[in-house]
Amino acid sequence: MAGSRDYTRLFDLTGRKAIVTGGSRGIGRALSEALAAQGANVAVVVRSSLDIAEDLVAGFNASGGDSFAIQADVSQPGDVERLAAEVEARWGRADILVNNAGIIHPGPIDDYRLDLWRDTMSVNVEGVLLMSQAIGRLMIRQGSGSIINIGSMSGRIVNWPFRHAAYNVSKAAVHMLTKCLATEWAEHKIRVNAIAPGYILTELTEDVLRDNPEVVRDHWAKGAVMDRIGTVDELAGAVVYLASDASSFTTGEIHTVDGGLTLR
Ligand code: NAP
């Protein structure tokens, strides 16, 4: 089939139905905007206030389209089932799922609280599992889909000097879950990949930047061969690539976007 494709539409997502968890701010917002810019309808999932998400989707729908905002806690099975039912009732299908919602509770291991450990796993790992199962059911039925999990460099290395083992373990689990899902669901023509960002400036990281600028300068920026931290915009290309037909032969891949931080 070599040469049979129209390469001008390789990244086109017109009419595709996408769900982005934690899609109203930080990295998730940029990912939602990037998918919408390529023509996808986006269900922006938020845990807390719906207002920002509703403003965002109003912008997406301004020139047509059927994006919507929905409140759900990805760690709660009941919320996830309600969300999947809403997607099915409204769209009847799901083409793209971006499991972006994530939290971090820093702290050293020696006296780390079990409730914080469990909360981290519950959102970062079980949230990915529950969302993949619920939306995956629609994808299995239709025989297509692309799932993109937001992992982290922290799933590959113990980034220092801050201590956040629970987060690191959760992101390593996200990477392995990505590979397991890719393997199990290839027969349903569902591709499952992850993006492993390096340090990206968002609300998750800006407190550290404000309180410990020397750490950011000496460890975060200098750690990357590109000598800087990244912006949310710099993850947009990766999500569009993995969501679109441009990556049709790519599955189980952990796509690193870290300015070369994990190179050395
Ligand atoms: P952020 O600004 O703190 O945003 C986190 C998002 O996750 C928010 O939209 C939040 O929703 C949502 N969320 C948290 N818990 C949730 C739950 N239980 N159910 C539904 N939504 C929930 O974080 P970020 O920096 O954009 O990070 C996004 C993802 O990238 C995370 O998975 C993070 O681990 C990963 N990552 C970030 C960096 C970085 O340097 N920033 C690096 C590597 C990986 P609400 O707004 O409704 O609270």
# chains A, B, ... in the order shown; residues from 1 in each chain; ligands from 1
call {"tool": "residues_near_ligand", "arguments": {"ligand": "ligand 1", "cutoff": "8 Å", "atoms": "only C-alpha atoms and all ligand atoms", "output": "PyMOL selection string"}}
result
chain A and resi 21-29+45-50+71-76+99-104+122-124+127+150-154+167+171+196-205+230+232
call {"tool": "select_by_dssp", "arguments": {"residues": "segment 39-119 of chain A", "states": "alpha helix (DSSP H)", "output": "ChimeraX atom specification"}}
result
/A:51-61,77-91,114-119
call {"tool": "write_last_selection", "arguments": {"atoms": "N, CA and C atoms", "output": "CSV table (one decimal), in the first residue's frame"}}
result
chain,number,residue,atom,x,y,z
A,51,ASP,N,-16.4,25.8,35.5
A,51,ASP,CA,-16.5,27.1,34.7
A,51,ASP,C,-15.4,27.3,33.7
A,52,ILE,N,-14.1,27.0,34.1
A,52,ILE,CA,-13.0,27.2,33.1
A,52,ILE,C,-13.2,26.3,31.9
A,53,ALA,N,-13.6,25.0,32.2
A,53,ALA,CA,-13.7,24.0,31.1
A,53,ALA,C,-14.9,24.5,30.2
A,54,GLU,N,-15.9,25.0,30.8
A,54,GLU,CA,-17.0,25.4,29.9
A,54,GLU,C,-16.6,26.6,29.0
A,55,ASP,N,-15.8,27.5,29.5
A,55,ASP,CA,-15.3,28.6,28.7
A,55,ASP,C,-14.5,28.1,27.6
A,56,LEU,N,-13.6,27.1,27.9
A,56,LEU,CA,-12.7,26.5,26.9
A,56,LEU,C,-13.5,25.9,25.8
A,57,VAL,N,-14.5,25.1,26.1
A,57,VAL,CA,-15.2,24.4,25.1
A,57,VAL,C,-16.1,25.3,24.3
A,58,ALA,N,-16.6,26.4,24.9
A,58,ALA,CA,-17.3,27.4,24.2
A,58,ALA,C,-16.5,28.0,23.0
A,59,GLY,N,-15.2,28.2,23.3
A,59,GLY,CA,-14.3,28.6,22.3
A,59,GLY,C,-14.1,27.6,21.2
A,60,PHE,N,-14.0,26.3,21.6
A,60,PHE,CA,-13.9,25.2,20.6
A,60,PHE,C,-15.1,25.2,19.7
A,61,ASN,N,-16.3,25.4,20.3
A,61,ASN,CA,-17.5,25.3,19.5
A,61,ASN,C,-17.9,26.5,18.7
A,77,PRO,N,-15.0,5.0,40.4
A,77,PRO,CA,-15.6,4.2,39.3
A,77,PRO,C,-17.0,4.7,38.9
A,78,GLY,N,-17.8,5.2,39.9
A,78,GLY,CA,-19.1,5.7,39.5
A,78,GLY,C,-19.0,6.9,38.6
A,79,ASP,N,-18.1,7.8,38.9
A,79,ASP,CA,-17.9,9.0,38.1
A,79,ASP,C,-17.5,8.6,36.7
A,80,VAL,N,-16.6,7.7,36.6
A,80,VAL,CA,-16.0,7.3,35.3
A,80,VAL,C,-17.1,6.6,34.4
A,81,GLU,N,-17.9,5.8,35.1
A,81,GLU,CA,-19.0,5.2,34.3
A,81,GLU,C,-20.0,6.2,33.8
A,82,ARG,N,-20.3,7.2,34.7
A,82,ARG,CA,-21.3,8.3,34.2
A,82,ARG,C,-20.7,9.0,33.1
A,83,LEU,N,-19.4,9.3,33.1
A,83,LEU,CA,-18.7,10.0,32.0
A,83,LEU,C,-18.8,9.2,30.7
A,84,ALA,N,-18.5,7.9,30.8
A,84,ALA,CA,-18.5,7.1,29.6
A,84,ALA,C,-19.9,7.0,29.0
A,85,ALA,N,-20.9,7.0,29.9
A,85,ALA,CA,-22.3,6.9,29.5
A,85,ALA,C,-22.7,8.2,28.7
A,86,GLU,N,-22.2,9.4,29.3
A,86,GLU,CA,-22.4,10.7,28.6
A,86,GLU,C,-21.8,10.7,27.2
A,87,VAL,N,-20.6,10.2,27.2
A,87,VAL,CA,-19.8,10.2,25.9
A,87,VAL,C,-20.6,9.3,24.9
A,88,GLU,N,-21.1,8.2,25.3
A,88,GLU,CA,-21.8,7.3,24.4
A,88,GLU,C,-23.1,7.9,24.0
A,89,ALA,N,-23.9,8.5,25.0
A,89,ALA,CA,-25.2,9.1,24.6
A,89,ALA,C,-25.0,10.2,23.6
A,90,ARG,N,-23.9,11.0,23.8
A,90,ARG,CA,-23.8,12.2,23.0
A,90,ARG,C,-23.1,12.0,21.7
A,91,TRP,N,-22.1,11.1,21.7
A,91,TRP,CA,-21.3,10.9,20.4
A,91,TRP,C,-21.5,9.5,19.8
A,114,LEU,N,0.7,6.4,54.3
A,114,LEU,CA,0.1,5.4,53.4
A,114,LEU,C,-1.1,6.0,52.7
A,115,ASP,N,-1.8,7.0,53.4
A,115,ASP,CA,-3.0,7.5,52.7
A,115,ASP,C,-2.6,8.4,51.5
A,116,LEU,N,-1.4,9.0,51.6
A,116,LEU,CA,-0.9,9.8,50.4
A,116,LEU,C,-0.4,8.9,49.3
A,117,TRP,N,0.2,7.8,49.7
A,117,TRP,CA,0.6,6.8,48.7
A,117,TRP,C,-0.6,6.3,47.9
A,118,ARG,N,-1.6,5.9,48.7
A,118,ARG,CA,-2.9,5.3,48.1
A,118,ARG,C,-3.6,6.4,47.2
A,119,ASP,N,-3.6,7.6,47.7
A,119,ASP,CA,-4.2,8.7,46.9
A,119,ASP,C,-3.5,8.8,45.5
call {"tool": "residues_around", "arguments": {"residues": "Tyr7 of chain A", "least_positions_apart": "3", "cutoff": "9 Å", "atoms": "only C-alpha atoms", "output": "tab-separated table (two decimals) with C-alpha atoms, in the first residue's frame"}}
result
chain	number	residue	atom	x	y	z
A	10	LEU	CA	-1.86	12.91	8.06
A	11	PHE	CA	-2.49	14.87	11.27
A	246	ALA	CA	0.42	9.78	11.41
call {"tool": "closest_residue", "arguments": {"among": "A:Ala194, A:Ala36, A:Val208, A:Ala221", "to": "Thr250 of chain A", "atoms": "only C-alpha atoms"}}
result
A:Ala194
call {"tool": "closest_residue", "arguments": {"among": "A:Met176, A:Gly237, A:Ser32, A:Trp160", "to": "Asp218 of chain A", "atoms": "only C-alpha atoms"}}
result
A:Trp160
call {"tool": "closest_residue", "arguments": {"among": "A:Arg5, A:Arg16, A:Arg113, A:Arg137", "to": "His188 of chain A", "atoms": "only C-alpha atoms"}}
result
A:Arg137
call {"tool": "closest_residue", "arguments": {"among": "A:Ala238, A:Val98, A:Ala172, A:Met121", "to": "Asn149 of chain A", "atoms": "only C-alpha atoms"}}
result
A:Val98
call {"tool": "atom_distance", "arguments": {"atom1": "atom CA of Tyr241 of chain A", "atom2": "atom CA of Ile135 of chain A"}}
result
20.1 Å
call {"tool": "select_by_dssp", "arguments": {"residues": "segment 82-255 of chain A", "states": "strand (DSSP E or B)", "output": "list in words"}}
result
Ile96, Leu97, Val98, Asn99, Gly107, Gly145, Ser146, Ile147, Ile148, Asn149, Ile150, His164, Ile190, Arg191, Val192, Asn193, Ala194, Ile195, Ala196, Pro197, Ile200, Gly230, Ile254 and His255 of chain A
call {"tool": "atom_distance", "arguments": {"atom1": "atom CA of Ser63 of chain A", "atom2": "atom CA of Ala18 of chain A"}}
result
17.4 Å
call {"tool": "atom_distance", "arguments": {"atom1": "atom CA of Lys17 of chain A", "atom2": "atom CA of Asp66 of chain A"}}
result
8.9 Å
call {"tool": "residues_around", "arguments": {"residues": "Leu138 of chain A", "least_positions_apart": "5", "cutoff": "9 Å", "atoms": "only C-alpha atoms", "output": "JSON, numbers by chain"}}
result
{"A": [84, 88, 92, 93, 94, 95, 143, 144, 145]}
